[in-house]
Amino acid sequence: MAVGQATFAQRTKHNEPMTHIFVSGCYDILHAGHIQFFREARALGDELTVCFASTEVLWNHKRRRSSLPDEHKAAIIASLSMVDRVLLGEGAKHGLDFEDHFLRLRPDILAVTEDDQYGELKRGLCAQVGARYHVLEKTPPTFTPVSTTQVVRLIRAPSHAPLRIDFAGGWLDVPRFARPGAHIVNCAISPLVSLRHWPYRARAGLGGSGAYALLRGDDSVSSELNLGVGWQDPAVIFESGLCVWKSGPRPRLEFKRDGRVLRGCMALLWTGSPHDTPGVAHLNRDYDLIERAGNLAREAVLLENLQLLAESVRMSYRAQLGEGMEPLSDVCDALACKYCGGGWGGYAVYLFQAPAHRDRFAAQTGAVAIEPYLRSCCEEQETENDQGPRDRGARTKSVLVS
């Protein structure tokens, strides 16, 4: 099906021999990288045909819904000055939805990118018509490169996000430290952050890099793992609530609560120096104690028992002191305290039995009063089609929200 045509007819009216270039792709959300590719492909000859995957092909091959109706997409591509003809790819073969058009038009060159996944199939198709399979080398971009997947993530990115408190099991989300049967317990917190408003200090130990990646539409789990740290920050920031995760190479949520047991009971106190998880990941620490703390915290969340959760935090703190961190300030009304994240700086979290104790502590020390955060039903609905940073298919139990 030919759905758009530009100046090809005008250029061929004098019957001059012309070199015909053919390109194909999804081109679902047209961005500057596509424009540069079209321009460089067109420079190989005299006319350029662009074939894009139909809505049906896009769904069948990539399980992705089309961003626009096919006729709208065709009109946009046809409006580009370097494009002479626009076709709709409707074939059933993976990577060759354009095959029928290609065999009919018999172009001179099939231009592809260096990361083309169907090179062998396309070379075979070119051989059938005597066309040249031409790989366009990557040239320095005139802009920051972006992919359609990145554009989609950016569109879906939230405007605000929580940060997180890690109560117990920290470091067991780092793949090389993961332990079967161990658990990580954490909680999303408010006040929320945005790219324009960040009411916390930098390098705070609150999962800020994971939240920043999520707000920018990046793959936040991969971003954290690439730093050599764990996945718990982006996982709980996306999930929200008071969460229990299984230790392992990727996020696996076992269950969660809404965090009401923590309302009015948490405060953050700046320790005086910034936090740096990658910089301390290599240090020796008591992983047995960390594992016991995580498993106790799991039981505390299941029972919604603040005293038991406080005991798990005290165990986590003992592991931090054993690692060599400076003791935190004693607070008479506090049930427990620990460094946030990997410690050695950033914020410390203090747990209290009652809001009055927490609020008095905040007023006297300048600590930040925080609350558990659970994403609303409306926000859940907005993101239900996005698999998010954790493996939803790997959830081992239904989510428990009180």
# chains A, B, ... in the order shown; residues from 1 in each chain; ligands from 1

call {"tool": "residues_around", "arguments": {"residues": "Glu304 of chain A", "least_positions_apart": "6", "cutoff": "9 Å", "atoms": "only C-alpha atoms", "output": "ChimeraX atom specification"}}
result
/A:257,259-261

call {"tool": "closest_residue", "arguments": {"among": "A:Gly169, A:Pro145, A:Gly124, A:Pro69", "to": "Gly294 of chain A", "atoms": "only C-alpha atoms"}}
result
A:Gly169

call {"tool": "atom_distance", "arguments": {"atom1": "atom CA of Gly322 of chain A", "atom2": "atom CA of Thr365 of chain A"}}
result
26.4 Å

call {"tool": "closest_residue", "arguments": {"among": "A:Trp59, A:Arg164, A:Leu328, A:Gly345", "to": "Arg314 of chain A", "atoms": "only C-alpha atoms"}}
result
A:Leu328

call {"tool": "atom_distance", "arguments": {"atom1": "atom CA of Glu311 of chain A", "atom2": "atom CA of Ala267 of chain A"}}
result
16.9 Å

call {"tool": "select_by_dssp", "arguments": {"residues": "segment 52-218 of chain A", "states": "strand (DSSP E or B)", "output": "NGL selection string"}}
result
:A and (52-53 or 85-89 or 109-113 or 132-136 or 161-168 or 183-193)

call {"tool": "residues_around", "arguments": {"residues": "segment 106-110 of chain A", "least_positions_apart": "6", "cutoff": "8 Å", "atoms": "only C-alpha atoms", "output": "JSON, numbers by chain"}}
result
{"A": [19, 20, 21, 22, 23, 126, 129, 130, 131, 132, 133, 134]}

call {"tool": "write_last_selection", "arguments": {"atoms": "C-alpha atoms", "output": "PDB file, in the first residue's frame"}}
result
ATOM      1  CA  THR A  19      19.528   5.546  -8.017  1.00  0.00           C
ATOM      2  CA  HIS A  20      16.658   4.387  -5.851  1.00  0.00           C
ATOM      3  CA  ILE A  21      17.264   4.103  -2.081  1.00  0.00           C
ATOM      4  CA  PHE A  22      14.958   2.105   0.187  1.00  0.00           C
ATOM      5  CA  VAL A  23      14.769   2.206   3.994  1.00  0.00           C
ATOM      6  CA  CYS A 126      18.693  -7.746  -1.800  1.00  0.00           C
ATOM      7  CA  VAL A 129      16.670  -8.167  -7.003  1.00  0.00           C
ATOM      8  CA  GLY A 130      20.357  -7.312  -7.378  1.00  0.00           C
ATOM      9  CA  ALA A 131      20.202  -4.497  -4.817  1.00  0.00           C
ATOM     10  CA  ARG A 132      23.109  -3.408  -2.662  1.00  0.00           C
ATOM     11  CA  TYR A 133      22.848  -3.838   1.101  1.00  0.00           C
ATOM     12  CA  HIS A 134      24.425  -0.665   2.485  1.00  0.00           C
TER      13      HIS A 134
END

call {"tool": "closest_residue", "arguments": {"among": "A:Ala182, A:Ala157, A:Asp84, A:Cys26", "to": "Arg216 of chain A", "atoms": "only C-alpha atoms"}}
result
A:Ala157

call {"tool": "residues_around", "arguments": {"residues": "segment 39-54 of chain A", "least_positions_apart": "5", "cutoff": "8 Å", "atoms": "only C-alpha atoms", "output": "PyMOL selection string"}}
result
chain A and resi 8+18-27+70+77+82-90+97-98+111+136

call {"tool": "write_last_selection", "arguments": {"atoms": "N, CA and C atoms", "output": "compact mmCIF listing (two decimals), in the first residue's frame"}}
result
# COMPACT_ATOMS: atom_id res chain seq x y z
N PHE A 8 8.87 12.35 -6.48
CA PHE A 8 9.45 11.29 -7.30
C PHE A 8 8.99 11.38 -8.76
N MET A 18 18.14 6.93 -12.42
CA MET A 18 18.22 7.41 -11.04
C MET A 18 18.53 6.25 -10.11
N THR A 19 19.23 6.55 -9.03
CA THR A 19 19.53 5.55 -8.02
C THR A 19 18.45 5.60 -6.95
N HIS A 20 17.80 4.47 -6.75
CA HIS A 20 16.66 4.39 -5.85
C HIS A 20 17.10 3.79 -4.52
N ILE A 21 16.90 4.54 -3.44
CA ILE A 21 17.26 4.10 -2.08
C ILE A 21 15.99 3.68 -1.35
N PHE A 22 16.10 2.62 -0.58
CA PHE A 22 14.96 2.10 0.19
C PHE A 22 15.38 1.95 1.64
N VAL A 23 14.54 2.42 2.56
CA VAL A 23 14.77 2.21 3.99
C VAL A 23 13.47 1.73 4.62
N SER A 24 13.59 1.01 5.72
CA SER A 24 12.40 0.53 6.42
C SER A 24 12.64 0.57 7.92
N GLY A 25 11.56 0.63 8.66
CA GLY A 25 11.66 0.65 10.12
C GLY A 25 10.31 0.88 10.74
N CYS A 26 10.28 0.96 12.08
CA CYS A 26 9.02 1.24 12.78
C CYS A 26 8.66 2.72 12.66
N TYR A 27 9.63 3.58 12.94
CA TYR A 27 9.43 5.04 12.85
C TYR A 27 8.13 5.44 13.55
N ASP A 70 -1.93 5.16 11.04
CA ASP A 70 -0.97 5.00 9.96
C ASP A 70 -1.00 6.15 8.97
N ILE A 77 5.83 11.72 7.52
CA ILE A 77 7.06 11.29 6.83
C ILE A 77 7.11 11.85 5.41
N MET A 82 13.49 15.22 2.12
CA MET A 82 14.38 14.20 1.53
C MET A 82 13.64 12.92 1.17
N VAL A 83 12.35 12.82 1.49
CA VAL A 83 11.58 11.60 1.24
C VAL A 83 10.76 11.76 -0.05
N ASP A 84 10.87 10.77 -0.94
CA ASP A 84 10.14 10.80 -2.21
C ASP A 84 8.90 9.93 -2.21
N ARG A 85 8.91 8.86 -1.44
CA ARG A 85 7.76 7.96 -1.43
C ARG A 85 7.64 7.35 -0.04
N VAL A 86 6.42 7.16 0.42
CA VAL A 86 6.16 6.54 1.72
C VAL A 86 5.27 5.33 1.51
N LEU A 87 5.67 4.21 2.08
CA LEU A 87 4.92 2.96 1.96
C LEU A 87 4.60 2.40 3.34
N LEU A 88 3.57 1.59 3.39
CA LEU A 88 3.15 0.96 4.64
C LEU A 88 3.54 -0.51 4.61
N GLY A 89 4.38 -0.92 5.57
CA GLY A 89 4.80 -2.31 5.66
C GLY A 89 3.75 -3.16 6.36
N GLU A 90 3.23 -4.15 5.66
CA GLU A 90 2.15 -4.96 6.22
C GLU A 90 2.46 -6.46 6.18
N ASP A 97 8.69 -6.83 6.88
CA ASP A 97 7.30 -6.43 6.61
C ASP A 97 7.17 -5.65 5.30
N PHE A 98 8.32 -5.21 4.76
CA PHE A 98 8.36 -4.42 3.52
C PHE A 98 8.65 -5.27 2.29
N ALA A 111 19.32 0.71 2.48
CA ALA A 111 20.16 1.34 3.50
C ALA A 111 19.68 0.95 4.89
N LEU A 136 24.89 2.19 6.80
CA LEU A 136 25.30 3.57 7.04
C LEU A 136 26.08 3.64 8.34

call {"tool": "closest_residue", "arguments": {"among": "A:Asp359, A:Leu105, A:Met325, A:Ala168", "to": "Cys243 of chain A", "atoms": "only C-alpha atoms"}}
result
A:Ala168

call {"tool": "closest_residue", "arguments": {"among": "A:Phe37, A:Ile237, A:Cys332, A:Gly95", "to": "Asn60 of chain A", "atoms": "only C-alpha atoms"}}
result
A:Gly95
